[in-house]
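To keep things clear, I will list the structure first and then write my remarks on it.
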Amino acid sequence: MNEINHIFNEFRNRRNSLEMSRNEMKEYLNRFPGNTLLYGAGSSGVAFLYDLKKIGVTPQFFVDSDERKIGKKCEGIEILSPEETVARVTGDFLVIVCINTDGKRYCKSFDDALRVGGHHGVYDRLHSVGCKNVIDYTFFRRCFTFTDEHYNAPSCSDVELMLLHEEEIAHVYEYLDDELSRETFRKIIEFRLLDDSIEVPTLPQSTQYFEEGLYHPRNDAAFIDCGAYNGISAKTFFEIQNDQFEAYYGVEPDADNYNKLKEYIGNLEKPARDKCNLANKAVWERSGELNLYTLDGPGSFIADDIGKSKVSSTTIDELLHGKKATFIKMNIEGSEKQALRGAENTIRIYKPELAIAGYHRTDDLWRIPMMIKKFRDDYILNLRSYMNHMSFVYYAR
C-alpha cells in the first residue's frame with residue numbers, strides 16, 4: 001500500500017461528510033425561481049449542461065461575453081450577452097460560471113460561495129449588469145454526478161471511476177521519476193477526492209511542453225504538434241531550436257484555428273516554411289471521418305453524438321509513413337488516448353520525447369501513462385501542472 005491507497009482509504013472513511021446529494025443540488029437550484037443560466041458556451045458549459053439534465057434541470061439561457069456567440073444557440077439554448085440577462089430573465093436567477101480557469105476560491109457552503117465569488121473579471125462584469133447570484137460550477141463537484149464522461153469538465157472528476165481503478169492509479173504513482181511529479185500526482189488525487197482547497201505545485205504556462213530537462217533540442221528534431229491551434233507551440237519550438245530542425249507537423253481539426261496556423265506558417269522564412277507539414281485533421285486511432293464540436297477557438301473537441309462539423313481523421317503512424325518523430329505533443333481535448341493508439345508504431349520504433357495532456361478525461365490521469373509504458377517500458381515519466389489541478393502534462397523521455 002502506498003500513499004495513494006491511503007488517500008483512497010481516507011476518502012472512503014469521510015465520503016458521507018464530503019458528498020453532496022443530488023437532492024441537495026436540486027434544492028440549491030430551486031431557490032431561484034427565475035431559473036438557472038450557464039455562463040460560458042464552451043466545452044465545460046456543454047459538459048455541465050448534460051450533468052444538470054441528469055437531475056432534471058435544464059438552464060433557461062447560456063451567457064457568454066464572446067460577441068461571435070451571442071444570439072446563437074448552444075445545444076438548442078439561446079446565448080445572451082451579460083447585459084441582456086437582467087432584461088430577459090424574470091425573477092431571482094442564478095448564473096453558474098462554467099469556464100476552466102482556476103479562480104482559487106473554494107467554499108463548502110453554497111451561501112459562502114455566492115458571497116465570495118470566483119473568476120474576478122467574469123464575476124465583476126456579471127455583478128455590474130445586475131446578476132446578483134453568481135457561483136462557479138466547481139462548487140457542485142461534491143455532488144458526484146460527473147460520470148460517463150463524454151465532454152470536458154476537468155474540474156469535476158468521475159469519482160466512481162477512480163474508485164474502480166484505485167490500484168492502477170497507485171501503480172502509476174510508482175512510475176513517476178521525481179519527487180515533484182509524485183507530489184503533483186498526490187495532490188491532484190487529494191484535490192479530486194478530499195479537499196478542493198489543495199494547492200497543486202504549479203509552473204508557468206510559458207514553459208509548458210518545453211520544460212528544461214524534459215525537452216531536449218536537437219538539430220534533427222521532428223516535432224508532431226497535435227492540437228496545433230494557431231501555431232503557438234510551433235513558435236516556441238522554432239525559437240528553442242533556433243530554427244534548426246528537420247521537420248514540423250502541425251495537425252489541427254478546427255477550420256478557423258487551422259487557417260490561423262496556415263497563415264502563421266506561411267509567413268515564415270522559406271527554409272523553415274519548406275520543412276513544415278500541415279493537416280486540417282483530427283489525430284485519432286484510425287483514419288476516417290469524425291464529428292467535431294467546434295468552438296471558434298481553443299477547445300473544439302470530438303463528440304460523435306453532438307458534434308455538428310465533419311472532420312477527417314488520421315493517425316500519427318499514417319501521417320509519418322515510417323519517418324521518424326523526435327517529439328510528440330498532444331493537447332487535443334480528450335482525444336489523447338485514441339491518438340496515442342494511432343502512434344504506437346512510431347513510439348515503439350523511434351521513442352520520441354512526449355508531452356501529453358493528462359486532464360481532459362478523469363481516466364487520462366492513469367491510462368495515459370500506462371499506455372506510454374506499455375508501448376515502451378524504458379520511458380522515464382514526469383508530471384508537471386500548469387493550472388493547479390486542471391491542466392497538467394505527462395512528459396516521457
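Scheme for the C-alpha cells: letters A, B, ... for chains in order shown; per-chain residue numbers from 1; ligand numbers from 1 in order shown.
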Show me, as a compact mmCIF listing (two decimals) with N, CA, C and O atoms, in the first residue's frame, the residues that have an atom within 9 Å of Ala357 in chain A when counting only C-alpha atoms, minus same-chain residues fewer than 6 positions from it.
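In the end it all went to result_26.txt:
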```
# COMPACT_ATOMS: atom_id res chain seq x y z
N LYS A 329 3.76 16.24 -29.13
CA LYS A 329 2.97 16.98 -28.14
C LYS A 329 1.48 16.78 -28.45
O LYS A 329 1.06 16.85 -29.61
N MET A 330 0.69 16.52 -27.42
CA MET A 330 -0.76 16.39 -27.60
C MET A 330 -1.49 17.19 -26.53
O MET A 330 -1.28 16.98 -25.33
N ASN A 331 -2.34 18.09 -26.98
CA ASN A 331 -3.35 18.71 -26.12
C ASN A 331 -4.60 18.80 -26.99
O ASN A 331 -4.83 19.81 -27.67
N ILE A 332 -5.37 17.72 -27.02
CA ILE A 332 -6.42 17.57 -28.03
C ILE A 332 -7.78 17.24 -27.42
O ILE A 332 -8.55 16.44 -27.94
N GLU A 333 -8.05 17.88 -26.28
CA GLU A 333 -9.40 17.95 -25.72
C GLU A 333 -10.06 16.59 -25.51
O GLU A 333 -11.22 16.39 -25.83
N GLY A 334 -9.31 15.65 -24.95
CA GLY A 334 -9.90 14.37 -24.60
C GLY A 334 -9.68 13.26 -25.60
O GLY A 334 -10.13 12.14 -25.38
N GLU A 336 -6.61 12.23 -26.47
CA GLU A 336 -5.20 11.83 -26.34
C GLU A 336 -5.02 10.31 -26.38
O GLU A 336 -4.07 9.81 -27.00
N ASP A 364 -7.72 9.85 -17.95
CA ASP A 364 -6.44 10.24 -18.56
C ASP A 364 -5.31 10.23 -17.54
O ASP A 364 -4.17 9.94 -17.87
N ILE A 368 -3.21 7.28 -19.59
CA ILE A 368 -2.19 7.80 -20.50
C ILE A 368 -0.79 7.32 -20.10
O ILE A 368 -0.06 6.78 -20.94
N SER A 391 -4.82 21.47 -15.31
CA SER A 391 -4.08 21.50 -16.56
C SER A 391 -2.68 20.94 -16.30
O SER A 391 -1.81 21.66 -15.80
N PHE A 392 -2.51 19.65 -16.60
CA PHE A 392 -1.21 19.03 -16.33
C PHE A 392 -0.80 18.14 -17.49
O PHE A 392 -1.61 17.70 -18.29
N VAL A 393 0.52 17.94 -17.57
CA VAL A 393 1.12 17.30 -18.74
C VAL A 393 2.04 16.17 -18.28
O VAL A 393 2.85 16.36 -17.34
N TYR A 394 1.92 15.02 -18.92
CA TYR A 394 2.89 13.94 -18.74
C TYR A 394 4.02 14.10 -19.75
O TYR A 394 3.77 14.27 -20.94
N TYR A 395 5.23 14.02 -19.25
CA TYR A 395 6.42 14.05 -20.10
C TYR A 395 7.06 12.66 -20.07
O TYR A 395 7.15 12.02 -19.01
```
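Residues in contact with Gln338 in chain A at 10 Å, where only C-alpha atoms are counted and same-chain residues fewer than 4 positions away are skipped, are listed as A:Val283, A:Trp284, A:Glu285, A:Arg286, A:Thr315, A:Gly334, A:Gly342, A:Ala343, A:Ile368.
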Residues of the last selection are to be written out with N, CA and C atoms, as a CSV table (one decimal), in the first residue's frame.
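File written: part_23.csv
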```csv
chain,number,residue,atom,x,y,z
A,283,VAL,N,-6.2,14.1,-35.0
A,283,VAL,CA,-5.3,13.0,-34.8
A,283,VAL,C,-6.1,11.9,-34.0
A,284,TRP,N,-6.1,10.7,-34.5
A,284,TRP,CA,-7.1,9.7,-33.9
A,284,TRP,C,-6.4,8.3,-34.0
A,285,GLU,N,-7.1,7.3,-33.6
A,285,GLU,CA,-6.6,5.9,-33.7
A,285,GLU,C,-6.7,5.2,-35.0
A,286,ARG,N,-7.5,5.9,-35.9
A,286,ARG,CA,-7.7,5.4,-37.3
A,286,ARG,C,-8.0,6.5,-38.2
A,315,THR,N,-3.9,9.0,-38.3
A,315,THR,CA,-3.1,8.6,-37.2
A,315,THR,C,-1.7,9.2,-37.4
A,334,GLY,N,-9.3,15.7,-25.0
A,334,GLY,CA,-9.9,14.4,-24.6
A,334,GLY,C,-9.7,13.3,-25.6
A,342,GLY,N,-2.9,5.5,-32.1
A,342,GLY,CA,-2.6,5.7,-33.5
A,342,GLY,C,-1.1,6.0,-33.8
A,343,ALA,N,-0.3,6.2,-32.7
A,343,ALA,CA,1.1,6.5,-32.8
A,343,ALA,C,2.0,5.3,-32.3
A,368,ILE,N,-3.2,7.3,-19.6
A,368,ILE,CA,-2.2,7.8,-20.5
A,368,ILE,C,-0.8,7.3,-20.1
```
*Using only C-alpha atoms, which residue out of A:Gly76, A:Pro271, A:Gly130, A:Gly40 lies closest to Val89 in chain A?*
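Ranked by minimum distance to Val89 in chain A, first place goes to A:Gly130.
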*Counting only C-alpha atoms, figure out which residue out of A:Glu246, A:Glu183, A:Asp196, A:Asp64 gets nearest to Val97 in chain A.*
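Result for the nearest residue to Val97 in chain A: A:Asp64.
Closest approach to Leu261 in chain A among A:Gly288, A:Lys281, A:Lys187, A:Gly231 is made by A:Gly231 (distances from only C-alpha atoms).
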*What gap, in Å, lies between CA of Tyr264 in chain A and CA of Ile302 in chain A?*
24.5 Å
*asked:* Nearest residue to Val63 in chain A out of A:Leu320, A:Leu278, A:Ala41, A:Ile198, using only C-alpha atoms?
replied: A:Ala41
*Report the distance between CA of Pro204 in chain A and CA of Tyr386 in chain A in Å, rounded to one decimal place.*
6.1 Å
*So how many Å separate CA of Asp254 in chain A and CA of Thr294 in chain A, to one decimal?*
6.5 Å
Based on the backbone DSSP call, show me all residues of range 143-338 of chain A assigned strand (DSSP E), as a PDB file with N, CA and C atoms, in the first residue's frame.
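The resulting file, states.pdb, is reproduced below:
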```pdb
ATOM      1  N   ALA A 222      12.176  16.420 -35.181  1.00  0.00           N
ATOM      2  CA  ALA A 222      10.939  16.268 -35.960  1.00  0.00           C
ATOM      3  C   ALA A 222       9.787  16.321 -34.968  1.00  0.00           C
ATOM      4  N   PHE A 223       9.068  17.428 -34.982  1.00  0.00           N
ATOM      5  CA  PHE A 223       8.033  17.742 -33.986  1.00  0.00           C
ATOM      6  C   PHE A 223       6.649  17.463 -34.560  1.00  0.00           C
ATOM      7  N   ILE A 224       5.868  16.615 -33.859  1.00  0.00           N
ATOM      8  CA  ILE A 224       4.481  16.338 -34.231  1.00  0.00           C
ATOM      9  C   ILE A 224       3.608  17.118 -33.260  1.00  0.00           C
ATOM     10  N   ASP A 225       2.977  18.173 -33.740  1.00  0.00           N
ATOM     11  CA  ASP A 225       2.225  19.121 -32.921  1.00  0.00           C
ATOM     12  C   ASP A 225       0.726  18.824 -33.060  1.00  0.00           C
ATOM     13  N   CYS A 226       0.200  18.027 -32.147  1.00  0.00           N
ATOM     14  CA  CYS A 226      -1.211  17.618 -32.210  1.00  0.00           C
ATOM     15  C   CYS A 226      -2.055  18.607 -31.408  1.00  0.00           C
ATOM     16  N   ALA A 247      11.912  18.653 -39.311  1.00  0.00           N
ATOM     17  CA  ALA A 247      10.520  18.667 -39.785  1.00  0.00           C
ATOM     18  C   ALA A 247       9.588  19.126 -38.680  1.00  0.00           C
ATOM     19  N   TYR A 248       8.520  19.806 -39.102  1.00  0.00           N
ATOM     20  CA  TYR A 248       7.425  20.183 -38.207  1.00  0.00           C
ATOM     21  C   TYR A 248       6.125  19.703 -38.839  1.00  0.00           C
ATOM     22  N   TYR A 249       5.291  19.022 -38.054  1.00  0.00           N
ATOM     23  CA  TYR A 249       3.971  18.567 -38.496  1.00  0.00           C
ATOM     24  C   TYR A 249       2.924  19.210 -37.586  1.00  0.00           C
ATOM     25  N   GLY A 250       2.129  20.110 -38.144  1.00  0.00           N
ATOM     26  CA  GLY A 250       1.074  20.766 -37.390  1.00  0.00           C
ATOM     27  C   GLY A 250      -0.275  20.198 -37.775  1.00  0.00           C
ATOM     28  N   VAL A 251      -0.981  19.591 -36.806  1.00  0.00           N
ATOM     29  CA  VAL A 251      -2.262  18.941 -37.076  1.00  0.00           C
ATOM     30  C   VAL A 251      -3.333  19.622 -36.230  1.00  0.00           C
ATOM     31  N   CYS A 276       7.822  22.496 -43.027  1.00  0.00           N
ATOM     32  CA  CYS A 276       6.576  22.396 -42.272  1.00  0.00           C
ATOM     33  C   CYS A 276       5.513  21.649 -43.072  1.00  0.00           C
ATOM     34  N   ASN A 277       4.801  20.777 -42.395  1.00  0.00           N
ATOM     35  CA  ASN A 277       3.728  19.985 -42.993  1.00  0.00           C
ATOM     36  C   ASN A 277       2.464  20.205 -42.166  1.00  0.00           C
ATOM     37  N   LEU A 278       1.392  20.654 -42.798  1.00  0.00           N
ATOM     38  CA  LEU A 278       0.166  20.989 -42.079  1.00  0.00           C
ATOM     39  C   LEU A 278      -0.974  20.085 -42.524  1.00  0.00           C
ATOM     40  N   ALA A 279      -1.869  19.774 -41.572  1.00  0.00           N
ATOM     41  CA  ALA A 279      -3.029  18.939 -41.884  1.00  0.00           C
ATOM     42  C   ALA A 279      -4.231  19.436 -41.101  1.00  0.00           C
ATOM     43  N   ALA A 282      -8.127  15.665 -37.531  1.00  0.00           N
ATOM     44  CA  ALA A 282      -8.046  15.242 -36.135  1.00  0.00           C
ATOM     45  C   ALA A 282      -7.081  14.068 -36.038  1.00  0.00           C
ATOM     46  N   VAL A 283      -6.224  14.094 -35.035  1.00  0.00           N
ATOM     47  CA  VAL A 283      -5.349  12.953 -34.782  1.00  0.00           C
ATOM     48  C   VAL A 283      -6.143  11.926 -33.983  1.00  0.00           C
ATOM     49  N   GLY A 288     -10.437   8.252 -41.094  1.00  0.00           N
ATOM     50  CA  GLY A 288     -11.865   8.211 -41.369  1.00  0.00           C
ATOM     51  C   GLY A 288     -12.480   9.585 -41.233  1.00  0.00           C
ATOM     52  N   GLU A 289     -13.702   9.636 -40.747  1.00  0.00           N
ATOM     53  CA  GLU A 289     -14.413  10.899 -40.561  1.00  0.00           C
ATOM     54  C   GLU A 289     -15.026  10.918 -39.167  1.00  0.00           C
ATOM     55  N   LEU A 290     -14.910  12.054 -38.479  1.00  0.00           N
ATOM     56  CA  LEU A 290     -15.408  12.207 -37.118  1.00  0.00           C
ATOM     57  C   LEU A 290     -16.285  13.447 -37.022  1.00  0.00           C
ATOM     58  N   ASN A 291     -17.069  13.512 -35.961  1.00  0.00           N
ATOM     59  CA  ASN A 291     -17.889  14.689 -35.677  1.00  0.00           C
ATOM     60  C   ASN A 291     -17.150  15.588 -34.689  1.00  0.00           C
ATOM     61  N   LEU A 292     -16.965  16.831 -35.075  1.00  0.00           N
ATOM     62  CA  LEU A 292     -16.237  17.799 -34.253  1.00  0.00           C
ATOM     63  C   LEU A 292     -17.199  18.841 -33.700  1.00  0.00           C
ATOM     64  N   TYR A 293     -17.120  19.061 -32.386  1.00  0.00           N
ATOM     65  CA  TYR A 293     -17.882  20.136 -31.758  1.00  0.00           C
ATOM     66  C   TYR A 293     -16.995  21.374 -31.784  1.00  0.00           C
ATOM     67  N   PHE A 301     -13.735  19.882 -29.749  1.00  0.00           N
ATOM     68  CA  PHE A 301     -13.473  18.504 -29.345  1.00  0.00           C
ATOM     69  C   PHE A 301     -14.310  17.530 -30.160  1.00  0.00           C
ATOM     70  N   ILE A 302     -13.823  16.287 -30.241  1.00  0.00           N
ATOM     71  CA  ILE A 302     -14.524  15.228 -30.947  1.00  0.00           C
ATOM     72  C   ILE A 302     -15.707  14.771 -30.101  1.00  0.00           C
ATOM     73  N   SER A 309     -19.830  19.414 -36.982  1.00  0.00           N
ATOM     74  CA  SER A 309     -18.921  19.563 -38.119  1.00  0.00           C
ATOM     75  C   SER A 309     -18.215  18.238 -38.404  1.00  0.00           C
ATOM     76  N   LYS A 310     -18.081  17.922 -39.663  1.00  0.00           N
ATOM     77  CA  LYS A 310     -17.361  16.724 -40.062  1.00  0.00           C
ATOM     78  C   LYS A 310     -15.882  17.060 -40.248  1.00  0.00           C
ATOM     79  N   VAL A 311     -15.013  16.179 -39.784  1.00  0.00           N
ATOM     80  CA  VAL A 311     -13.576  16.393 -39.948  1.00  0.00           C
ATOM     81  C   VAL A 311     -12.912  15.051 -40.254  1.00  0.00           C
ATOM     82  N   SER A 312     -11.929  15.082 -41.121  1.00  0.00           N
ATOM     83  CA  SER A 312     -11.171  13.873 -41.425  1.00  0.00           C
ATOM     84  C   SER A 312     -10.207  13.580 -40.281  1.00  0.00           C
ATOM     85  N   SER A 313      -9.987  12.295 -40.050  1.00  0.00           N
ATOM     86  CA  SER A 313      -9.031  11.895 -39.025  1.00  0.00           C
ATOM     87  C   SER A 313      -7.858  11.165 -39.660  1.00  0.00           C
ATOM     88  N   THR A 314      -6.733  11.188 -38.942  1.00  0.00           N
ATOM     89  CA  THR A 314      -5.556  10.455 -39.369  1.00  0.00           C
ATOM     90  C   THR A 314      -4.860   9.933 -38.127  1.00  0.00           C
ATOM     91  N   PHE A 327       9.758  14.284 -31.196  1.00  0.00           N
ATOM     92  CA  PHE A 327       8.963  14.913 -30.135  1.00  0.00           C
ATOM     93  C   PHE A 327       7.501  14.941 -30.568  1.00  0.00           C
ATOM     94  N   ILE A 328       6.620  14.439 -29.702  1.00  0.00           N
ATOM     95  CA  ILE A 328       5.177  14.479 -29.953  1.00  0.00           C
ATOM     96  C   ILE A 328       4.522  15.218 -28.792  1.00  0.00           C
ATOM     97  N   LYS A 329       3.758  16.245 -29.131  1.00  0.00           N
ATOM     98  CA  LYS A 329       2.967  16.978 -28.143  1.00  0.00           C
ATOM     99  C   LYS A 329       1.485  16.783 -28.450  1.00  0.00           C
ATOM    100  N   MET A 330       0.688  16.522 -27.418  1.00  0.00           N
ATOM    101  CA  MET A 330      -0.759  16.389 -27.596  1.00  0.00           C
ATOM    102  C   MET A 330      -1.492  17.189 -26.530  1.00  0.00           C
TER     103      MET A 330
END
```
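The shortest atom-to-atom distance to Cys98 in chain A, with only C-alpha atoms taken into account, belongs to A:Asp136 out of A:Asp178, A:Asp136, A:Glu344, A:Glu75.
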